[in-house]
file final_14.txt (compact mmCIF, C-alpha atoms)
# COMPACT_ATOMS: atom_id res chain seq x y z
CA MET A 671 121.80 111.90 95.25
CA ASN A 672 124.90 109.92 96.14
CA GLY A 673 127.02 108.41 93.40
CA MET A 674 128.85 109.77 90.42
CA HIS A 675 126.63 110.65 87.45
CA ARG A 676 123.80 108.40 88.55
CA PRO A 677 120.38 108.78 86.87
CA ILE A 678 118.31 111.64 88.28
CA ARG A 679 114.54 111.29 88.50
CA ILE A 680 112.90 114.60 87.62
CA ALA A 681 109.25 115.48 88.18
CA CYS A 682 107.78 118.27 86.05
CA ALA A 683 104.58 119.56 87.62
CA ASN A 684 102.02 120.23 84.88
CA VAL A 685 99.45 120.63 87.65
CA ILE A 686 96.49 123.01 87.83
CA SER A 687 97.44 126.38 89.26
CA ARG A 688 95.57 129.67 89.39
CA LEU A 689 96.32 133.13 88.07
CA ASP A 690 97.09 135.56 90.92
CA ASP A 691 96.32 133.16 93.80
CA ILE A 692 99.44 132.45 95.84
CA GLU A 693 97.65 130.63 98.66
CA TYR A 694 96.10 128.13 96.27
CA ASN A 695 99.31 127.67 94.29
CA MET A 696 101.33 127.01 97.43
CA ARG A 697 98.87 124.29 98.45
CA VAL A 698 99.22 122.77 94.99
CA MET A 699 103.00 122.95 95.27
CA LYS A 700 103.05 121.19 98.64
CA GLN A 701 100.74 118.44 97.38
CA ALA A 702 102.80 117.97 94.20
CA MET A 703 106.00 117.73 96.23
CA ARG A 704 104.42 115.03 98.37
CA GLU A 705 103.40 113.07 95.26
CA ALA A 706 106.88 113.44 93.77
CA VAL A 707 108.45 112.02 96.93
CA ASN A 708 106.06 109.09 96.80
CA ASN A 709 107.24 108.48 93.23
CA GLU A 710 110.91 108.59 94.29
CA ALA A 711 111.79 111.82 92.48
CA ASP A 712 115.01 113.67 93.28
CA LEU A 713 113.81 116.99 91.91
CA ILE A 714 110.47 118.66 91.11
CA LEU A 715 110.12 121.58 88.71
CA PHE A 716 107.26 124.09 88.41
CA GLY A 717 106.65 126.56 85.59
CA GLU A 718 107.13 130.27 85.03
CA ALA A 719 105.75 132.56 87.78
CA PHE A 720 104.06 129.52 89.32
CA LEU A 721 104.04 130.71 92.90
CA GLN A 722 101.94 133.86 92.57
CA GLY A 723 100.41 132.91 89.21
CA PHE A 724 101.39 134.23 85.81
CA GLU A 725 99.06 137.26 85.81
CA ALA A 726 99.70 138.39 89.37
CA MET A 727 101.51 141.51 88.15
CA ARG A 728 99.13 144.31 87.11
CA PHE A 729 101.98 146.72 86.41
CA VAL A 730 100.64 149.13 88.97
CA TYR A 731 103.68 149.39 91.18
CA LYS A 732 102.00 150.19 94.50
CA GLU A 733 99.95 147.00 94.11
CA ASP A 734 102.59 144.74 92.63
CA VAL A 735 105.28 145.56 95.18
CA GLN A 736 103.00 143.97 97.79
CA LYS A 737 102.77 140.73 95.78
CA ALA A 738 106.42 140.26 94.88
CA LEU A 739 108.30 138.14 97.41
CA PHE A 740 111.54 138.62 99.28
CA GLN A 741 113.85 135.62 99.43
CA THR A 742 113.75 135.86 103.23
CA GLY A 743 109.95 136.11 103.33
CA VAL A 744 107.44 133.68 104.80
CA GLU A 745 106.47 131.99 101.52
CA ILE A 746 110.00 131.20 100.32
CA THR A 747 110.93 130.07 103.82
CA LYS A 748 108.02 127.62 103.76
CA VAL A 749 109.09 126.15 100.43
CA ARG A 750 112.64 125.77 101.70
CA GLN A 751 111.31 123.94 104.75
CA TRP A 752 109.15 121.65 102.61
CA ALA A 753 112.19 120.79 100.48
CA LYS A 754 114.23 119.93 103.55
CA GLU A 755 111.46 117.87 105.16
CA SER A 756 110.85 116.01 101.89
CA ASN A 757 114.52 115.57 100.96
CA LEU A 758 113.45 116.88 97.55
CA ALA A 759 115.02 119.63 95.44
CA VAL A 760 112.57 122.09 93.86
CA GLY A 761 112.62 124.73 91.15
CA PHE A 762 109.84 127.28 90.60
CA GLY A 763 109.07 130.61 89.00
CA TYR A 764 107.93 133.59 91.05
CA TYR A 765 107.87 137.38 91.18
CA ASP A 766 110.84 138.59 93.15
CA ASN A 767 111.32 141.79 95.18
CA LYS A 768 114.91 142.91 95.54
CA ALA A 769 115.18 146.25 97.33
CA GLY A 770 111.96 147.41 95.67
CA GLY A 771 112.94 146.26 92.18
CA LEU A 772 110.54 143.66 90.77
CA TYR A 773 111.74 140.70 88.69
CA SER A 774 110.39 137.58 87.03
CA SER A 775 112.67 135.01 88.63
CA TYR A 776 113.32 131.28 88.86
CA MET A 777 114.59 129.81 92.11
CA PHE A 778 116.27 126.45 92.69
CA ILE A 779 116.30 125.04 96.23
CA ASP A 780 118.21 121.86 97.06
CA GLU A 781 116.96 118.96 99.17
CA LYS A 782 118.52 120.50 102.27
CA GLY A 783 116.51 123.69 101.86
CA ALA A 784 119.39 125.84 100.62
CA ILE A 785 118.88 128.33 97.79
CA LEU A 786 121.37 127.26 95.12
CA ASN A 787 120.33 129.67 92.41
CA ASN A 788 117.96 132.59 91.86
CA TYR A 789 117.89 133.50 88.18
CA ARG A 790 116.28 136.80 87.24
CA ARG A 791 114.83 136.72 83.72
CA VAL A 792 116.98 138.61 81.23
CA SER A 793 114.42 139.05 78.44
CA ARG A 794 111.94 141.90 78.68
CA GLY A 795 108.81 140.25 77.31
CA TRP A 796 107.30 139.48 80.72
CA LYS A 797 106.19 143.07 81.35
CA LYS A 798 103.84 145.60 79.77
CA SER A 799 105.28 148.39 77.65
CA HIS A 800 104.10 151.04 80.12
CA ALA A 801 105.81 149.38 83.12
CA SER A 802 107.93 151.71 85.21
CA PRO A 803 111.72 151.24 85.64
CA ASP A 804 110.97 149.43 88.91
CA TYR A 805 110.13 146.34 86.81
CA ARG A 806 113.56 145.03 85.98
CA GLU A 807 115.53 142.24 84.31
CA GLY A 808 118.61 140.34 85.28
CA ARG A 809 121.84 140.92 83.37
CA THR A 810 123.35 137.48 82.88
CA PHE A 811 122.49 133.84 82.35
CA GLN A 812 123.61 131.65 85.21
CA ASN A 813 125.03 128.17 85.49
CA PHE A 814 124.86 126.27 88.75
CA THR A 815 125.71 122.76 89.84
CA TRP A 816 123.52 120.48 91.91
CA HIS A 817 125.45 117.36 92.80
CA ASN A 818 126.94 116.31 89.44
CA LEU A 819 124.34 118.06 87.28
CA ARG A 820 125.21 121.43 85.75
CA MET A 821 122.10 123.44 84.86
CA THR A 822 121.24 126.73 83.20
CA PRO A 823 117.73 128.14 83.71
CA LEU A 824 115.99 130.19 81.04
CA VAL A 825 112.51 131.67 81.40
CA CYS A 826 109.99 131.60 78.54
CA GLY A 827 110.83 134.49 76.19
CA ASP A 828 114.59 134.36 76.86
CA PHE A 829 114.91 132.00 73.93
CA TRP A 830 112.89 134.18 71.56
CA GLU A 831 114.92 137.40 71.69
CA ASP A 832 117.56 137.06 68.98
CA GLU A 833 120.03 139.38 70.68
CA LEU A 834 120.24 136.96 73.63
CA ILE A 835 121.05 133.83 71.64
CA THR A 836 124.82 134.36 71.66
CA ALA A 837 124.87 134.68 75.46
CA ILE A 838 122.67 131.59 75.85
CA ALA A 839 124.84 129.57 73.47
CA ALA A 840 127.90 130.56 75.49
CA CYS A 841 126.44 128.55 78.40
CA ASP A 842 126.30 125.38 76.31
CA PRO A 843 129.85 124.11 77.02
CA VAL A 844 129.41 124.41 80.80
CA THR A 845 125.86 123.00 81.00
CA ASP A 846 124.45 119.49 81.14
CA LEU A 847 120.81 120.54 81.02
CA PHE A 848 118.95 123.75 80.18
CA LEU A 849 115.75 124.33 82.15
CA TRP A 850 113.03 126.15 80.20
CA PRO A 851 110.00 126.91 82.42
CA VAL A 852 107.24 128.69 80.52
CA HIS A 853 103.67 129.92 80.59
CA CYS A 854 102.38 129.29 77.06
CA ASP A 855 98.71 130.04 76.34
CA TYR A 856 97.67 128.22 73.17
CA PRO A 857 94.62 126.24 72.07
CA GLU A 858 95.55 122.58 71.91
CA ASP A 859 95.29 122.34 68.12
CA LYS A 860 97.52 125.39 67.59
CA TRP A 861 100.13 123.96 69.94
CA ASP A 862 100.06 120.51 68.38
CA ASN A 863 100.01 121.70 64.77
CA GLU A 864 102.29 124.75 64.90
CA GLU A 865 103.89 125.95 68.12
CA ARG A 866 105.33 122.68 69.43
CA LYS A 867 107.45 122.38 66.30
CA ALA A 868 108.49 126.03 66.48
CA TYR A 869 109.67 125.72 70.09
CA ARG A 870 111.49 122.47 69.38
CA GLU A 871 113.24 123.91 66.35
CA ARG A 872 114.20 127.05 68.28
CA SER A 873 115.96 124.86 70.86
CA GLN A 874 118.09 122.99 68.34
CA ILE A 875 120.76 125.69 68.21
CA LEU A 876 122.05 124.21 71.48
CA GLU A 877 124.10 121.05 71.73
CA LYS A 878 122.91 120.17 75.22
CA PRO A 879 119.35 119.03 75.98
CA ILE A 880 116.67 121.47 77.03
CA LEU A 881 113.77 120.59 79.32
CA PHE A 882 110.60 122.56 78.49
CA TYR A 883 107.72 122.54 80.98
CA ASN A 884 104.56 124.60 81.04
CA ASN A 885 101.96 125.72 83.57
CA PHE A 886 98.41 124.34 83.50
CA ILE A 887 95.45 126.72 83.86
CA ASP A 888 91.99 125.16 83.94
CA GLU A 889 90.49 127.66 81.50
CA LYS A 890 89.86 127.46 77.77
CA ASN A 891 92.76 128.55 75.54
CA ARG A 892 95.09 129.08 78.49
CA ALA A 893 98.30 127.24 79.35
CA GLN A 894 97.63 123.50 79.21
CA GLY A 895 100.79 121.91 80.50
CA GLY A 896 103.15 119.90 78.36
CA THR A 897 106.65 118.66 79.21
CA TYR A 898 109.29 117.97 76.55
CA LEU A 899 112.98 117.07 76.53
CA TRP A 900 114.56 118.22 73.28
CA GLN A 901 118.10 117.87 72.01
CA GLN A 902 119.33 119.17 68.66
CA GLY A 903 115.86 118.97 67.19
CA LYS A 904 115.04 115.51 68.51
CA GLU A 905 112.28 114.89 71.04
CA LEU A 906 113.62 112.56 73.72
CA PHE A 907 110.63 112.73 76.07
CA SER A 908 107.12 114.16 75.97
CA GLN A 909 104.03 114.52 78.08
CA ALA A 910 101.23 115.81 75.92
CA TYR A 911 99.86 119.33 76.02
CA GLY A 912 96.38 119.26 77.55
CA VAL A 913 97.27 116.73 80.26
CA SER A 914 97.25 117.87 83.89
CA LYS A 915 99.56 115.65 85.89
CA ILE A 916 103.17 115.33 86.98
CA ALA A 917 105.53 114.08 84.29
CA TYR A 918 108.43 111.89 85.40
CA LEU A 919 111.60 111.43 83.42
CA THR A 920 115.08 110.14 84.09
CA PHE A 921 118.13 112.17 83.14
CA THR A 922 121.71 110.93 83.40
CA PRO A 923 124.50 113.53 83.26
CA LYS A 924 127.32 112.49 80.97
CA PRO A 925 130.79 112.18 82.58
call {"tool": "encode", "arguments": {"input": "final_14.txt", "output": "structure tokens"}}
result
Amino acid sequence: MNGMHRPIRIACANVISRLDDIEYNMRVMKQAMREAVNNEADLILFGEAFLQGFEAMRFVYKEDVQKALFQTGVEITKVRQWAKESNLAVGFGYYDNKAGGLYSSYMFIDEKGAILNNYRRVSRGWKKSHASPDYREGRTFQNFTWHNLRMTPLVCGDFWEDELITAIAACDPVTDLFLWPVHCDYPEDKWDNEERKAYRERSQILEKPILFYNNFIDEKNRAQGGTYLWQQGKELFSQAYGVSKIAYLTFTPKP
């Protein structure tokens, strides 16, 4: 990552994960990181709630508090070590335990193993209506800089709550790239014929590009991957929905 505004090779991991199976998903993560290194990536990105699996939360607090992870816990420490050993930055979604409060979060770790950002989802759509106040949201959208690349993470439904759009748009002038990790369960034909266009059009309110990447669950009518780079309604890169593999794209921050 030396050099001013040099192209950055990004790997988006549309790889098969499991719902509520952290041990399996961590093995998948480690393997995907190894593949990304072999393909000379600088950064690998995983989808929403990837680590524990999207449906790990049952919204029974006494159960869920055992599944949510502390930043200083064994699992996060392992991922930080893998990043350092691989010289590879990594972003991933997970369920986060902060002093007993549970969050849907997205963590970014640099290639030295340092936590650069831990964004807690602001939108409320990740939880059931009967969830207790212990299931919480973050309060602000966050910008962070990795080398010369300024990024703003969003998580899935953040972009679909109209009252949040003004705050998201306020990040546009200080961002080079929006990250949009999701878990979108659609049949392939519905995604291709309807939802892909809807998500792309929703993103066009922003001037800066937005990188959308989805989980892949090996079950019918569940999340089936897909990686897209959109900017002002134009599709600059795509890896098709329904394909389980790592997508590689090159992104160059503008001076």
call {"tool": "atom_distance", "arguments": {"input": "final_14.txt", "atom1": "atom CA of A:Tyr918", "atom2": "atom CA of A:Arg679"}}
result
6.9 Å
call {"tool": "closest_residue", "arguments": {"input": "final_14.txt", "among": "A:Glu833, A:Glu889, A:Asp691, A:Glu755", "to": "A:Val792", "atoms": "only C-alpha atoms"}}
result
A:Glu833
call {"tool": "residues_around", "arguments": {"input": "final_14.txt", "residues": "stretch 871-873 of chain A", "least_positions_apart": "4", "cutoff": "9 Å", "atoms": "only C-alpha atoms", "output": "list of chain:residue names"}}
result
A:Phe829, A:Trp830, A:Arg866, A:Lys867, A:Pro879, A:Ile880, A:Trp900, A:Gln901, A:Gln902, A:Gly903, A:Lys904
call {"tool": "atom_distance", "arguments": {"input": "final_14.txt", "atom1": "atom CA of A:Val760", "atom2": "atom CA of A:Arg870"}}
result
24.5 Å
call {"tool": "closest_residue", "arguments": {"input": "final_14.txt", "among": "A:His853, A:Lys700, A:Lys748, A:Lys737", "to": "A:Glu718", "atoms": "only C-alpha atoms"}}
result
A:His853
call {"tool": "atom_distance", "arguments": {"input": "final_14.txt", "atom1": "atom CA of A:Ser802", "atom2": "atom CA of A:Tyr731"}}
result
7.7 Å
call {"tool": "decode", "arguments": {"input": "final_14.txt", "residues": "stretch 741-778 of chain A", "atoms": "N, CA, C and O atoms", "output": "compact mmCIF listing (two decimals), in the first residue's frame"}}
result
# COMPACT_ATOMS: atom_id res chain seq x y z
N GLN A 741 -14.72 -7.07 21.19
CA GLN A 741 -13.59 -6.75 20.32
C GLN A 741 -12.29 -7.35 20.82
O GLN A 741 -11.38 -7.59 20.02
N THR A 742 -12.19 -7.58 22.12
CA THR A 742 -10.98 -8.17 22.70
C THR A 742 -11.06 -9.69 22.82
O THR A 742 -10.16 -10.31 23.38
N GLY A 743 -12.13 -10.29 22.29
CA GLY A 743 -12.33 -11.72 22.41
C GLY A 743 -11.44 -12.55 21.50
O GLY A 743 -10.73 -12.03 20.63
N VAL A 744 -11.52 -13.85 21.67
CA VAL A 744 -10.67 -14.80 20.95
C VAL A 744 -10.87 -14.70 19.44
O VAL A 744 -9.90 -14.68 18.66
N GLU A 745 -12.12 -14.63 18.99
CA GLU A 745 -12.41 -14.68 17.56
C GLU A 745 -11.86 -13.45 16.83
O GLU A 745 -11.21 -13.57 15.78
N ILE A 746 -12.13 -12.27 17.37
CA ILE A 746 -11.63 -11.04 16.74
C ILE A 746 -10.11 -11.01 16.78
O ILE A 746 -9.45 -10.60 15.82
N THR A 747 -9.54 -11.48 17.88
CA THR A 747 -8.09 -11.53 17.99
C THR A 747 -7.49 -12.42 16.91
O THR A 747 -6.44 -12.10 16.32
N LYS A 748 -8.14 -13.54 16.62
CA LYS A 748 -7.67 -14.44 15.57
C LYS A 748 -7.69 -13.74 14.21
O LYS A 748 -6.74 -13.83 13.43
N VAL A 749 -8.79 -13.06 13.91
CA VAL A 749 -8.88 -12.39 12.62
C VAL A 749 -7.81 -11.30 12.50
O VAL A 749 -7.19 -11.13 11.44
N ARG A 750 -7.57 -10.60 13.57
CA ARG A 750 -6.52 -9.57 13.55
C ARG A 750 -5.16 -10.20 13.28
O ARG A 750 -4.34 -9.66 12.53
N GLN A 751 -4.93 -11.36 13.88
CA GLN A 751 -3.66 -12.05 13.65
C GLN A 751 -3.54 -12.54 12.22
O GLN A 751 -2.48 -12.42 11.59
N TRP A 752 -4.63 -13.07 11.66
CA TRP A 752 -4.62 -13.51 10.27
C TRP A 752 -4.30 -12.34 9.34
O TRP A 752 -3.55 -12.50 8.37
N ALA A 753 -4.90 -11.18 9.62
CA ALA A 753 -4.63 -10.00 8.78
C ALA A 753 -3.16 -9.62 8.81
O ALA A 753 -2.55 -9.34 7.77
N LYS A 754 -2.59 -9.63 10.00
CA LYS A 754 -1.19 -9.27 10.16
C LYS A 754 -0.28 -10.28 9.47
O LYS A 754 0.66 -9.91 8.76
N GLU A 755 -0.55 -11.57 9.66
CA GLU A 755 0.26 -12.61 9.04
C GLU A 755 0.17 -12.57 7.52
O GLU A 755 1.14 -12.89 6.81
N SER A 756 -1.00 -12.19 7.01
CA SER A 756 -1.24 -12.19 5.57
C SER A 756 -0.87 -10.87 4.90
O SER A 756 -0.85 -10.78 3.68
N ASN A 757 -0.63 -9.82 5.72
CA ASN A 757 -0.43 -8.47 5.21
C ASN A 757 -1.62 -8.06 4.34
O ASN A 757 -1.47 -7.52 3.23
N LEU A 758 -2.82 -8.33 4.87
CA LEU A 758 -4.06 -8.14 4.13
C LEU A 758 -5.08 -7.46 5.03
O LEU A 758 -5.39 -7.96 6.12
N ALA A 759 -5.62 -6.33 4.60
CA ALA A 759 -6.70 -5.69 5.34
C ALA A 759 -8.00 -6.47 5.13
O ALA A 759 -8.20 -7.10 4.09
N VAL A 760 -8.90 -6.40 6.12
CA VAL A 760 -10.13 -7.18 6.05
C VAL A 760 -11.28 -6.41 6.69
O VAL A 760 -11.12 -5.75 7.72
N GLY A 761 -12.45 -6.48 6.06
CA GLY A 761 -13.67 -5.93 6.62
C GLY A 761 -14.71 -7.03 6.71
O GLY A 761 -14.82 -7.87 5.81
N PHE A 762 -15.51 -7.04 7.78
CA PHE A 762 -16.51 -8.10 7.94
C PHE A 762 -17.60 -7.65 8.91
O PHE A 762 -17.38 -6.87 9.83
N GLY A 763 -18.79 -8.19 8.69
CA GLY A 763 -19.91 -7.94 9.58
C GLY A 763 -19.96 -8.98 10.69
O GLY A 763 -19.59 -10.14 10.49
N TYR A 764 -20.43 -8.54 11.86
CA TYR A 764 -20.54 -9.46 12.99
C TYR A 764 -21.48 -8.86 14.03
O TYR A 764 -21.84 -7.68 13.96
N TYR A 765 -21.89 -9.69 14.98
CA TYR A 765 -22.70 -9.22 16.11
C TYR A 765 -21.78 -8.92 17.27
O TYR A 765 -20.97 -9.74 17.67
N ASP A 766 -21.93 -7.72 17.79
CA ASP A 766 -20.97 -7.05 18.64
C ASP A 766 -21.56 -6.88 20.04
O ASP A 766 -22.72 -6.47 20.18
N ASN A 767 -20.79 -7.20 21.06
CA ASN A 767 -21.20 -7.04 22.45
C ASN A 767 -20.38 -5.92 23.07
O ASN A 767 -19.16 -6.04 23.24
N LYS A 768 -21.04 -4.82 23.39
CA LYS A 768 -20.38 -3.72 24.07
C LYS A 768 -21.08 -3.51 25.41
O LYS A 768 -22.20 -3.00 25.47
N ALA A 769 -20.42 -3.96 26.47
CA ALA A 769 -20.95 -3.81 27.84
C ALA A 769 -22.36 -4.36 27.96
O ALA A 769 -23.22 -3.79 28.63
N GLY A 770 -22.63 -5.47 27.28
CA GLY A 770 -23.93 -6.11 27.35
C GLY A 770 -24.93 -5.62 26.33
O GLY A 770 -25.98 -6.23 26.15
N GLY A 771 -24.64 -4.53 25.63
CA GLY A 771 -25.48 -4.06 24.54
C GLY A 771 -25.08 -4.78 23.26
O GLY A 771 -23.89 -4.94 22.97
N LEU A 772 -26.06 -5.23 22.49
CA LEU A 772 -25.80 -6.02 21.29
C LEU A 772 -26.06 -5.18 20.05
O LEU A 772 -27.08 -4.49 19.95
N TYR A 773 -25.13 -5.25 19.10
CA TYR A 773 -25.18 -4.44 17.89
C TYR A 773 -24.90 -5.30 16.66
O TYR A 773 -24.18 -6.29 16.74
N SER A 774 -25.43 -4.86 15.52
CA SER A 774 -25.02 -5.39 14.23
C SER A 774 -23.93 -4.45 13.71
O SER A 774 -24.21 -3.29 13.39
N SER A 775 -22.71 -4.93 13.64
CA SER A 775 -21.55 -4.06 13.41
C SER A 775 -20.75 -4.49 12.19
O SER A 775 -20.92 -5.60 11.67
N TYR A 776 -19.90 -3.58 11.74
CA TYR A 776 -18.98 -3.88 10.65
C TYR A 776 -17.60 -3.38 11.04
O TYR A 776 -17.41 -2.19 11.32
N MET A 777 -16.64 -4.29 11.07
CA MET A 777 -15.29 -3.99 11.53
C MET A 777 -14.32 -3.96 10.35
O MET A 777 -14.40 -4.79 9.44
N PHE A 778 -13.39 -3.01 10.40
CA PHE A 778 -12.32 -2.93 9.41
C PHE A 778 -10.99 -3.03 10.14
O PHE A 778 -10.70 -2.23 11.03
